[in-house]
>>> print(open('final.cif').read())   # mmCIF, C-alpha atoms
data_run
#
loop_
_atom_site.group_PDB
_atom_site.id
_atom_site.type_symbol
_atom_site.label_atom_id
_atom_site.label_comp_id
_atom_site.auth_asym_id
_atom_site.auth_seq_id
_atom_site.Cartn_x
_atom_site.Cartn_y
_atom_site.Cartn_z
ATOM 1 C CA MET A 18 6.209 -9.179 -17.305
ATOM 2 C CA SER A 19 5.248 -9.034 -13.647
ATOM 3 C CA LYS A 20 2.192 -7.023 -12.672
ATOM 4 C CA LEU A 21 2.056 -3.897 -10.533
ATOM 5 C CA ARG A 22 -0.785 -4.467 -8.066
ATOM 6 C CA VAL A 23 -2.522 -2.389 -5.426
ATOM 7 C CA GLU A 24 -3.958 -4.683 -2.768
ATOM 8 C CA SER A 25 -6.238 -4.194 0.245
ATOM 9 C CA PHE A 26 -6.203 -0.418 -0.152
ATOM 10 C CA THR A 27 -9.183 0.910 1.757
ATOM 11 C CA ILE A 28 -11.156 4.107 1.238
ATOM 12 C CA SER A 29 -14.094 5.596 3.094
ATOM 13 C CA ILE A 30 -17.559 6.043 1.581
ATOM 14 C CA ASP A 31 -16.599 9.637 0.790
ATOM 15 C CA GLY A 32 -13.471 8.472 -0.999
ATOM 16 C CA PHE A 33 -10.649 9.173 1.441
ATOM 17 C CA GLY A 34 -7.732 6.738 1.683
ATOM 18 C CA ALA A 35 -6.258 8.332 4.805
ATOM 19 C CA GLY A 36 -7.352 10.765 7.448
ATOM 20 C CA PRO A 37 -5.809 14.216 8.003
ATOM 21 C CA ASN A 38 -2.924 15.073 10.343
ATOM 22 C CA GLN A 39 -0.734 11.984 10.181
ATOM 23 C CA ASN A 40 1.684 11.826 13.112
ATOM 24 C CA LEU A 41 3.301 9.310 15.458
ATOM 25 C CA GLU A 42 0.032 8.809 17.323
ATOM 26 C CA ASN A 43 -2.036 8.616 14.127
ATOM 27 C CA PRO A 44 -0.090 6.698 11.433
ATOM 28 C CA LEU A 45 -3.190 6.622 9.205
ATOM 29 C CA GLY A 46 -4.312 10.146 10.077
ATOM 30 C CA ALA A 47 -7.209 11.165 12.295
ATOM 31 C CA GLY A 48 -9.923 8.516 11.998
ATOM 32 C CA GLY A 49 -7.815 6.441 9.604
ATOM 33 C CA PRO A 50 -7.649 3.212 11.645
ATOM 34 C CA ALA A 51 -11.411 2.781 11.237
ATOM 35 C CA LEU A 52 -10.827 2.167 7.530
ATOM 36 C CA HIS A 53 -9.218 -1.184 8.210
ATOM 37 C CA GLN A 54 -11.665 -2.835 10.577
ATOM 38 C CA TRP A 55 -12.435 -5.336 7.822
ATOM 39 C CA ALA A 56 -8.779 -6.379 7.550
ATOM 40 C CA TRP A 57 -7.380 -6.561 11.094
ATOM 41 C CA PRO A 58 -9.496 -9.559 12.231
ATOM 42 C CA THR A 59 -8.719 -11.732 9.190
ATOM 43 C CA LYS A 60 -6.546 -14.815 9.469
ATOM 44 C CA THR A 61 -4.006 -13.248 7.085
ATOM 45 C CA PHE A 62 -3.503 -10.084 9.104
ATOM 46 C CA GLN A 63 -3.572 -11.881 12.441
ATOM 47 C CA THR A 64 -0.812 -14.156 11.156
ATOM 48 C CA ILE A 65 1.224 -11.222 9.854
ATOM 49 C CA PHE A 66 1.228 -9.631 13.284
ATOM 50 C CA GLY A 67 2.089 -12.837 15.101
ATOM 51 C CA HIS A 68 -1.316 -13.934 16.377
ATOM 52 C CA ASP A 69 -3.230 -17.186 16.029
ATOM 53 C CA GLY A 70 -6.727 -17.556 14.650
ATOM 54 C CA GLY A 71 -8.543 -14.914 12.656
ATOM 55 C CA THR A 72 -11.695 -14.680 10.590
ATOM 56 C CA THR A 73 -12.379 -16.437 7.302
ATOM 57 C CA GLY A 74 -14.823 -15.597 4.527
ATOM 58 C CA THR A 75 -14.870 -12.796 1.945
ATOM 59 C CA ASP A 76 -12.596 -10.381 3.801
ATOM 60 C CA GLU A 77 -10.002 -13.084 4.414
ATOM 61 C CA GLU A 78 -10.087 -14.192 0.777
ATOM 62 C CA PHE A 79 -9.215 -10.686 -0.426
ATOM 63 C CA ALA A 80 -6.605 -10.151 2.293
ATOM 64 C CA ALA A 81 -4.864 -13.444 1.507
ATOM 65 C CA ARG A 82 -4.701 -13.036 -2.248
ATOM 66 C CA GLY A 83 -3.052 -9.650 -1.797
ATOM 67 C CA PHE A 84 0.122 -11.398 -0.606
ATOM 68 C CA ARG A 85 0.221 -14.134 -3.231
ATOM 69 C CA ASN A 86 2.935 -13.999 -5.896
ATOM 70 C CA ILE A 87 4.427 -10.776 -4.487
ATOM 71 C CA GLY A 88 8.184 -10.422 -4.904
ATOM 72 C CA ALA A 89 8.765 -6.760 -4.001
ATOM 73 C CA TRP A 90 6.954 -3.661 -2.743
ATOM 74 C CA ILE A 91 6.870 0.041 -3.569
ATOM 75 C CA MET A 92 5.598 2.649 -1.133
ATOM 76 C CA GLY A 93 5.616 6.400 -0.698
ATOM 77 C CA ARG A 94 7.578 8.077 2.032
ATOM 78 C CA ASN A 95 4.405 8.992 3.942
ATOM 79 C CA MET A 96 3.610 5.283 4.267
ATOM 80 C CA PHE A 97 7.103 4.641 5.617
ATOM 81 C CA GLY A 98 6.815 7.254 8.347
ATOM 82 C CA PRO A 99 5.726 10.725 9.519
ATOM 83 C CA ILE A 100 9.061 12.495 8.936
ATOM 84 C CA ARG A 101 9.085 15.193 6.242
ATOM 85 C CA GLY A 102 12.021 16.916 4.581
ATOM 86 C CA PRO A 103 15.642 15.797 4.969
ATOM 87 C CA TRP A 104 16.195 12.818 7.235
ATOM 88 C CA PRO A 105 17.313 14.219 10.616
ATOM 89 C CA ASP A 106 19.145 10.967 11.423
ATOM 90 C CA MET A 107 18.972 7.270 10.595
ATOM 91 C CA ASN A 108 16.922 6.270 13.653
ATOM 92 C CA TRP A 109 13.487 5.977 12.019
ATOM 93 C CA LYS A 110 13.078 2.535 10.428
ATOM 94 C CA GLY A 111 9.331 2.424 9.761
ATOM 95 C CA TRP A 112 6.189 1.812 11.785
ATOM 96 C CA TRP A 113 6.614 -1.942 12.035
ATOM 97 C CA GLY A 114 9.446 -2.665 14.468
ATOM 98 C CA ASP A 115 12.501 -4.822 13.775
ATOM 99 C CA ASN A 116 10.609 -7.419 11.707
ATOM 100 C CA PRO A 117 8.313 -5.631 9.207
ATOM 101 C CA PRO A 118 5.562 -7.653 7.500
ATOM 102 C CA TYR A 119 6.981 -7.349 3.956
ATOM 103 C CA HIS A 120 9.768 -9.979 3.876
ATOM 104 C CA THR A 121 10.942 -8.677 0.492
ATOM 105 C CA GLN A 122 12.821 -5.701 -0.855
ATOM 106 C CA VAL A 123 10.768 -2.501 -0.419
ATOM 107 C CA PHE A 124 11.401 0.607 -2.516
ATOM 108 C CA VAL A 125 10.459 3.852 -0.760
ATOM 109 C CA LEU A 126 9.902 6.936 -2.926
ATOM 110 C CA THR A 127 11.537 10.041 -1.466
ATOM 111 C CA HIS A 128 13.287 13.257 -2.478
ATOM 112 C CA HIS A 129 15.956 12.810 0.170
ATOM 113 C CA PRO A 130 18.718 10.179 -0.146
ATOM 114 C CA ARG A 131 19.278 7.601 2.549
ATOM 115 C CA GLU A 132 21.227 4.361 2.832
ATOM 116 C CA SER A 133 19.273 1.113 2.546
ATOM 117 C CA ILE A 134 18.131 -0.540 5.773
ATOM 118 C CA THR A 135 18.184 -4.317 6.235
ATOM 119 C CA MET A 136 15.635 -5.514 8.773
ATOM 120 C CA ASP A 137 14.834 -8.872 10.353
ATOM 121 C CA GLY A 138 12.719 -11.347 8.387
ATOM 122 C CA GLY A 139 14.071 -10.549 4.940
ATOM 123 C CA THR A 140 12.830 -6.969 4.549
ATOM 124 C CA THR A 141 15.225 -4.395 3.095
ATOM 125 C CA PHE A 142 14.119 -0.786 2.616
ATOM 126 C CA HIS A 143 15.695 1.052 -0.331
ATOM 127 C CA PHE A 144 15.179 4.797 -0.755
ATOM 128 C CA VAL A 145 14.587 5.859 -4.367
ATOM 129 C CA THR A 146 15.137 9.505 -5.294
ATOM 130 C CA ASP A 147 14.854 9.341 -9.083
ATOM 131 C CA GLY A 148 11.129 8.784 -9.487
ATOM 132 C CA ILE A 149 8.386 6.237 -9.991
ATOM 133 C CA PHE A 150 9.766 4.629 -13.148
ATOM 134 C CA SER A 151 13.120 3.937 -11.536
ATOM 135 C CA ALA A 152 11.431 2.504 -8.443
ATOM 136 C CA LEU A 153 9.293 0.188 -10.579
ATOM 137 C CA ALA A 154 12.248 -0.989 -12.660
ATOM 138 C CA ARG A 155 14.238 -1.771 -9.523
ATOM 139 C CA ALA A 156 11.287 -3.470 -7.856
ATOM 140 C CA ARG A 157 10.625 -5.665 -10.892
ATOM 141 C CA GLN A 158 14.242 -6.710 -10.982
ATOM 142 C CA ALA A 159 14.127 -7.548 -7.272
ATOM 143 C CA ALA A 160 10.830 -9.434 -7.703
ATOM 144 C CA ASN A 161 12.509 -11.834 -10.149
ATOM 145 C CA GLY A 162 9.376 -12.555 -12.169
ATOM 146 C CA LEU A 163 6.858 -12.204 -9.347
ATOM 147 C CA ASP A 164 4.465 -9.271 -9.036
ATOM 148 C CA VAL A 165 5.188 -5.931 -7.364
ATOM 149 C CA ARG A 166 2.771 -4.644 -4.740
ATOM 150 C CA LEU A 167 2.182 -0.886 -4.612
ATOM 151 C CA GLY A 168 1.452 0.007 -1.015
ATOM 152 C CA GLY A 169 0.441 3.660 -1.130
ATOM 153 C CA GLY A 170 -0.273 6.177 0.144
ATOM 154 C CA VAL A 171 -2.808 8.018 -1.961
ATOM 155 C CA ALA A 172 -0.368 10.349 -3.748
ATOM 156 C CA THR A 173 1.906 7.461 -4.700
ATOM 157 C CA ILE A 174 -0.929 5.377 -6.151
ATOM 158 C CA GLN A 175 -2.196 8.406 -8.085
ATOM 159 C CA GLN A 176 1.223 8.926 -9.695
ATOM 160 C CA TYR A 177 1.343 5.335 -10.917
ATOM 161 C CA LEU A 178 -2.271 5.456 -12.127
ATOM 162 C CA ARG A 179 -1.699 8.646 -14.122
ATOM 163 C CA ALA A 180 1.292 6.988 -15.758
ATOM 164 C CA GLY A 181 -0.855 3.955 -16.649
ATOM 165 C CA LEU A 182 1.462 1.609 -14.775
ATOM 166 C CA VAL A 183 -0.966 -0.066 -12.373
ATOM 167 C CA ASP A 184 -2.239 -3.364 -13.772
ATOM 168 C CA GLU A 185 -4.716 -4.298 -11.050
ATOM 169 C CA MET A 186 -6.222 -2.758 -7.914
ATOM 170 C CA HIS A 187 -8.148 -4.268 -5.035
ATOM 171 C CA ILE A 188 -10.027 -1.428 -3.338
ATOM 172 C CA ALA A 189 -12.061 -2.003 -0.196
ATOM 173 C CA ILE A 190 -14.744 0.546 0.685
ATOM 174 C CA ALA A 191 -15.273 0.777 4.440
ATOM 175 C CA PRO A 192 -18.727 1.791 5.745
ATOM 176 C CA ILE A 193 -17.448 4.992 7.379
ATOM 177 C CA LEU A 194 -17.186 8.683 6.565
ATOM 178 C CA LEU A 195 -13.909 10.531 7.170
ATOM 179 C CA GLY A 196 -14.944 14.001 6.008
ATOM 180 C CA SER A 197 -11.450 15.065 4.969
ATOM 181 C CA GLY A 198 -8.024 13.670 4.137
ATOM 182 C CA GLU A 199 -6.685 12.397 0.809
ATOM 183 C CA ARG A 200 -9.162 11.278 -1.866
ATOM 184 C CA LEU A 201 -7.881 8.366 -3.907
ATOM 185 C CA PHE A 202 -9.707 9.172 -7.152
ATOM 186 C CA ALA A 203 -9.539 12.981 -6.961
ATOM 187 C CA ASP A 204 -8.938 14.476 -10.420
ATOM 188 C CA LEU A 205 -8.522 11.020 -11.977
ATOM 189 C CA ASN A 206 -10.610 9.865 -14.943
ATOM 190 C CA MET A 207 -10.243 6.129 -14.551
ATOM 191 C CA LEU A 208 -12.172 5.378 -17.743
ATOM 192 C CA SER A 209 -9.885 7.586 -19.814
ATOM 193 C CA LEU A 210 -6.892 5.944 -18.166
ATOM 194 C CA GLY A 211 -8.186 2.590 -19.404
ATOM 195 C CA TYR A 212 -9.501 0.937 -16.245
ATOM 196 C CA GLN A 213 -12.669 -1.027 -15.592
ATOM 197 C CA CYS A 214 -14.255 -2.810 -12.646
ATOM 198 C CA ALA A 215 -13.631 -6.521 -13.138
ATOM 199 C CA GLU A 216 -14.966 -7.945 -9.866
ATOM 200 C CA HIS A 217 -16.978 -6.946 -6.825
ATOM 201 C CA ALA A 218 -18.065 -8.610 -3.611
ATOM 202 C CA ALA A 219 -19.355 -7.468 -0.239
ATOM 203 C CA SER A 220 -19.057 -8.544 3.371
ATOM 204 C CA SER A 221 -20.623 -7.032 6.456
ATOM 205 C CA ASN A 222 -17.438 -4.975 6.931
ATOM 206 C CA ALA A 223 -16.526 -3.721 3.439
ATOM 207 C CA THR A 224 -17.321 -3.689 -0.258
ATOM 208 C CA HIS A 225 -14.463 -5.140 -2.301
ATOM 209 C CA LEU A 226 -13.744 -3.996 -5.857
ATOM 210 C CA VAL A 227 -11.124 -5.259 -8.299
ATOM 211 C CA ILE A 228 -10.196 -2.705 -10.967
ATOM 212 C CA LYS A 229 -8.080 -3.797 -13.912
ATOM 213 C CA LYS A 230 -6.423 -2.204 -16.908
ATOM 214 C CA LYS A 231 -8.326 -3.037 -20.071
ATOM 215 C CA THR A 232 -6.501 -5.397 -22.381
#
>>> encode(input="final.cif", output="structure tokens")
Amino acid sequence: MSKLRVESFTISIDGFGAGPNQNLENPLGAGGPALHQWAWPTKTFQTIFGHDGGTTGTDEEFAARGFRNIGAWIMGRNMFGPIRGPWPDMNWKGWWGDNPPYHTQVFVLTHHPRESITMDGGTTFHFVTDGIFSALARARQAANGLDVRLGGGVATIQQYLRAGLVDEMHIAIAPILLGSGERLFADLNMLSLGYQCAEHAASSNATHLVIKKKT
């Protein structure tokens, strides 16, 4: 069976995976963009956003492997956009413009129904209202044997961890303090849930950890 993987998810030294007060001007919350200073310069992320060049080395190795063998994505509604409650209209189509960087089917967890959106470049957003298990089943079917990438945010990852559904996580720890926001491992006993650290490496910009479900 395909794996459910968290990739390139970054937290601060004090454990926050996003800053507070997400809005149109602050998609990652106040101070959130500083989390990803390890990722933006890499060759992988420069390519994703249509630029040439980019850095190589440890950060690039982890960024690149996060896109390998991925056939579908799952994300929470807060990762898709800042709108809360019922959809006021169909105008909001994500943070990423007409050609999002996913190029697969993406399953967005929400409590409010919405028609699927087909974007340029092979991305289609589907809005799933019947929970995490349904989203994973649909994503695995869409992935056709490849892995499913779980994009976040924090609350979404926590739901899948508590259910024991995440097979592997790449967590990057950025050398910053956010002070407040959403803590990834708040009220989670990862040992009791059956996880262990399987790999670690450091660059000048981040510490990279790979956490896997014990077999």
>>> closest_residue(input="final.cif", among="A:Arg94, A:Arg131, A:His225, A:Lys60", to="Gly170 of chain A", atoms="all atoms listed in the file")
A:Arg94
>>> closest_residue(input="final.cif", among="A:Pro192, A:Ser19, A:Asn222, A:Gly198", to="Trp57 of chain A", atoms="only C-alpha atoms")
A:Asn222
>>> residues_around(input="final.cif", residues="Phe62 of chain A", least_positions_apart="3", cutoff="10 Å", atoms="all atoms listed in the file", output="list in words")
Ala56, Trp57, Pro58, Thr59, Ile65, Phe66, Gly67, His68, Asp69, Gly70, Gly71, Thr72, Glu77, Ala80, Ala81 and Pro118 of chain A
>>> closest_residue(input="final.cif", among="A:Gly102, A:Glu78, A:Asn38, A:Ser29", to="Ala51 of chain A", atoms="all atoms listed in the file")
A:Ser29
>>> residues_near_point(input="final.cif", point="(3.0, 2.1, -20.1)", cutoff="12 Å", atoms="all atoms listed in the file", output="ChimeraX atom specification")
/A:20-21,150,153,177-184,210-211,230
>>> write_last_selection(input="final.cif", atoms="C-alpha atoms", output="PDB file, keeping the file's coordinate frame")
ATOM      1  CA  LYS A  20       2.192  -7.023 -12.672  1.00  0.00           C
ATOM      2  CA  LEU A  21       2.056  -3.897 -10.533  1.00  0.00           C
ATOM      3  CA  PHE A 150       9.766   4.629 -13.148  1.00  0.00           C
ATOM      4  CA  LEU A 153       9.293   0.188 -10.579  1.00  0.00           C
ATOM      5  CA  TYR A 177       1.343   5.335 -10.917  1.00  0.00           C
ATOM      6  CA  LEU A 178      -2.271   5.456 -12.127  1.00  0.00           C
ATOM      7  CA  ARG A 179      -1.699   8.646 -14.122  1.00  0.00           C
ATOM      8  CA  ALA A 180       1.292   6.988 -15.758  1.00  0.00           C
ATOM      9  CA  GLY A 181      -0.855   3.955 -16.649  1.00  0.00           C
ATOM     10  CA  LEU A 182       1.462   1.609 -14.775  1.00  0.00           C
ATOM     11  CA  VAL A 183      -0.966  -0.066 -12.373  1.00  0.00           C
ATOM     12  CA  ASP A 184      -2.239  -3.364 -13.772  1.00  0.00           C
ATOM     13  CA  LEU A 210      -6.892   5.944 -18.166  1.00  0.00           C
ATOM     14  CA  GLY A 211      -8.186   2.590 -19.404  1.00  0.00           C
ATOM     15  CA  LYS A 230      -6.423  -2.204 -16.908  1.00  0.00           C
TER      16      LYS A 230
END
>>> closest_residue(input="final.cif", among="A:Thr141, A:Ser197, A:Thr224, A:Gln63", to="His120 of chain A", atoms="only C-alpha atoms")
A:Thr141
>>> atom_distance(input="final.cif", atom1="atom CA of Ser221 of chain A", atom2="atom CA of Gly169 of chain A")
24.8 Å
>>> atom_distance(input="final.cif", atom1="atom CA of Leu167 of chain A", atom2="atom CA of Phe144 of chain A")
14.7 Å
>>> resolve_selection(input="final.cif", expression="the PyMOL selection byres ((chain A and resi 124) around 9)", output="number ranges by chain")
A: 89-93, 122-123, 125-126, 141-145, 152-153, 155-156
>>> decode(input="final.cif", residues="segment 118-129 of chain A", atoms="all heavy atoms", output="short mmCIF file (atom, residue, chain, number, x, y, z; two decimals), in the first residue's frame")
data_model
loop_
_atom_site.label_atom_id
_atom_site.label_comp_id
_atom_site.auth_asym_id
_atom_site.auth_seq_id
_atom_site.Cartn_x
_atom_site.Cartn_y
_atom_site.Cartn_z
N PRO A 118 1.69 24.34 -7.52
CA PRO A 118 2.88 23.48 -7.63
C PRO A 118 2.63 22.00 -7.37
O PRO A 118 3.59 21.25 -7.23
CB PRO A 118 3.81 24.06 -6.56
CG PRO A 118 2.88 24.59 -5.51
CD PRO A 118 1.70 25.12 -6.26
N TYR A 119 1.38 21.55 -7.33
CA TYR A 119 1.10 20.17 -6.93
C TYR A 119 1.06 19.21 -8.12
O TYR A 119 1.57 18.09 -8.04
CB TYR A 119 -0.22 20.13 -6.14
CG TYR A 119 -0.15 21.05 -4.96
CD1 TYR A 119 -0.83 22.27 -4.95
CD2 TYR A 119 0.63 20.73 -3.86
CE1 TYR A 119 -0.74 23.14 -3.88
CE2 TYR A 119 0.74 21.58 -2.78
CZ TYR A 119 0.06 22.79 -2.80
OH TYR A 119 0.17 23.65 -1.74
N HIS A 120 0.39 19.58 -9.19
CA HIS A 120 0.35 18.79 -10.43
C HIS A 120 -0.21 17.39 -10.20
O HIS A 120 0.18 16.43 -10.87
CB HIS A 120 1.74 18.72 -11.07
CG HIS A 120 2.41 20.06 -11.18
ND1 HIS A 120 1.87 21.11 -11.91
CD2 HIS A 120 3.55 20.55 -10.63
CE1 HIS A 120 2.66 22.17 -11.81
NE2 HIS A 120 3.68 21.86 -11.04
N THR A 121 -1.09 17.27 -9.23
CA THR A 121 -1.79 16.02 -8.92
C THR A 121 -3.18 16.40 -8.44
O THR A 121 -3.55 17.57 -8.37
CB THR A 121 -1.10 15.23 -7.79
OG1 THR A 121 -1.17 15.99 -6.57
CG2 THR A 121 0.35 14.92 -8.09
N GLN A 122 -3.94 15.40 -8.04
CA GLN A 122 -5.19 15.67 -7.34
C GLN A 122 -4.89 15.98 -5.88
O GLN A 122 -4.06 15.32 -5.25
CB GLN A 122 -6.13 14.47 -7.46
CG GLN A 122 -6.57 14.18 -8.89
CD GLN A 122 -7.61 13.11 -8.96
OE1 GLN A 122 -8.72 13.25 -8.43
NE2 GLN A 122 -7.28 12.00 -9.63
N VAL A 123 -5.54 17.03 -5.35
CA VAL A 123 -5.32 17.50 -3.99
C VAL A 123 -6.66 17.46 -3.25
O VAL A 123 -7.66 18.01 -3.74
CB VAL A 123 -4.76 18.93 -3.97
CG1 VAL A 123 -4.54 19.40 -2.53
CG2 VAL A 123 -3.46 19.01 -4.77
N PHE A 124 -6.67 16.83 -2.08
CA PHE A 124 -7.90 16.65 -1.32
C PHE A 124 -7.85 17.56 -0.10
O PHE A 124 -7.01 17.41 0.79
CB PHE A 124 -8.07 15.18 -0.95
CG PHE A 124 -8.22 14.31 -2.17
CD1 PHE A 124 -7.09 13.84 -2.85
CD2 PHE A 124 -9.47 14.03 -2.69
CE1 PHE A 124 -7.22 13.07 -4.00
CE2 PHE A 124 -9.61 13.27 -3.84
CZ PHE A 124 -8.49 12.79 -4.50
N VAL A 125 -8.76 18.55 -0.08
CA VAL A 125 -8.78 19.59 0.94
C VAL A 125 -9.85 19.25 1.97
O VAL A 125 -11.04 19.12 1.64
CB VAL A 125 -9.07 20.97 0.31
CG1 VAL A 125 -9.05 22.05 1.39
CG2 VAL A 125 -8.07 21.28 -0.79
N LEU A 126 -9.44 19.10 3.23
CA LEU A 126 -10.39 18.81 4.30
C LEU A 126 -11.16 20.07 4.69
O LEU A 126 -10.56 21.12 4.94
CB LEU A 126 -9.63 18.27 5.52
CG LEU A 126 -8.98 16.90 5.35
CD1 LEU A 126 -7.90 16.69 6.41
CD2 LEU A 126 -10.03 15.80 5.43
N THR A 127 -12.47 19.97 4.73
CA THR A 127 -13.31 21.12 5.08
C THR A 127 -14.64 20.61 5.62
O THR A 127 -15.01 19.46 5.40
CB THR A 127 -13.53 22.02 3.85
OG1 THR A 127 -14.40 23.09 4.20
CG2 THR A 127 -14.16 21.24 2.69
N HIS A 128 -15.35 21.50 6.33
CA HIS A 128 -16.70 21.17 6.78
C HIS A 128 -17.76 21.72 5.83
O HIS A 128 -18.95 21.51 6.05
CB HIS A 128 -16.94 21.75 8.18
CG HIS A 128 -16.06 21.15 9.24
ND1 HIS A 128 -16.14 19.83 9.61
CD2 HIS A 128 -15.06 21.70 9.98
CE1 HIS A 128 -15.25 19.58 10.57
NE2 HIS A 128 -14.58 20.69 10.80
N HIS A 129 -17.31 22.42 4.79
CA HIS A 129 -18.25 23.14 3.93
C HIS A 129 -18.08 22.68 2.48
O HIS A 129 -17.01 22.85 1.90
CB HIS A 129 -18.04 24.64 4.06
CG HIS A 129 -18.22 25.13 5.47
ND1 HIS A 129 -19.46 25.40 6.01
CD2 HIS A 129 -17.31 25.35 6.46
CE1 HIS A 129 -19.30 25.79 7.26
NE2 HIS A 129 -18.02 25.76 7.56
#
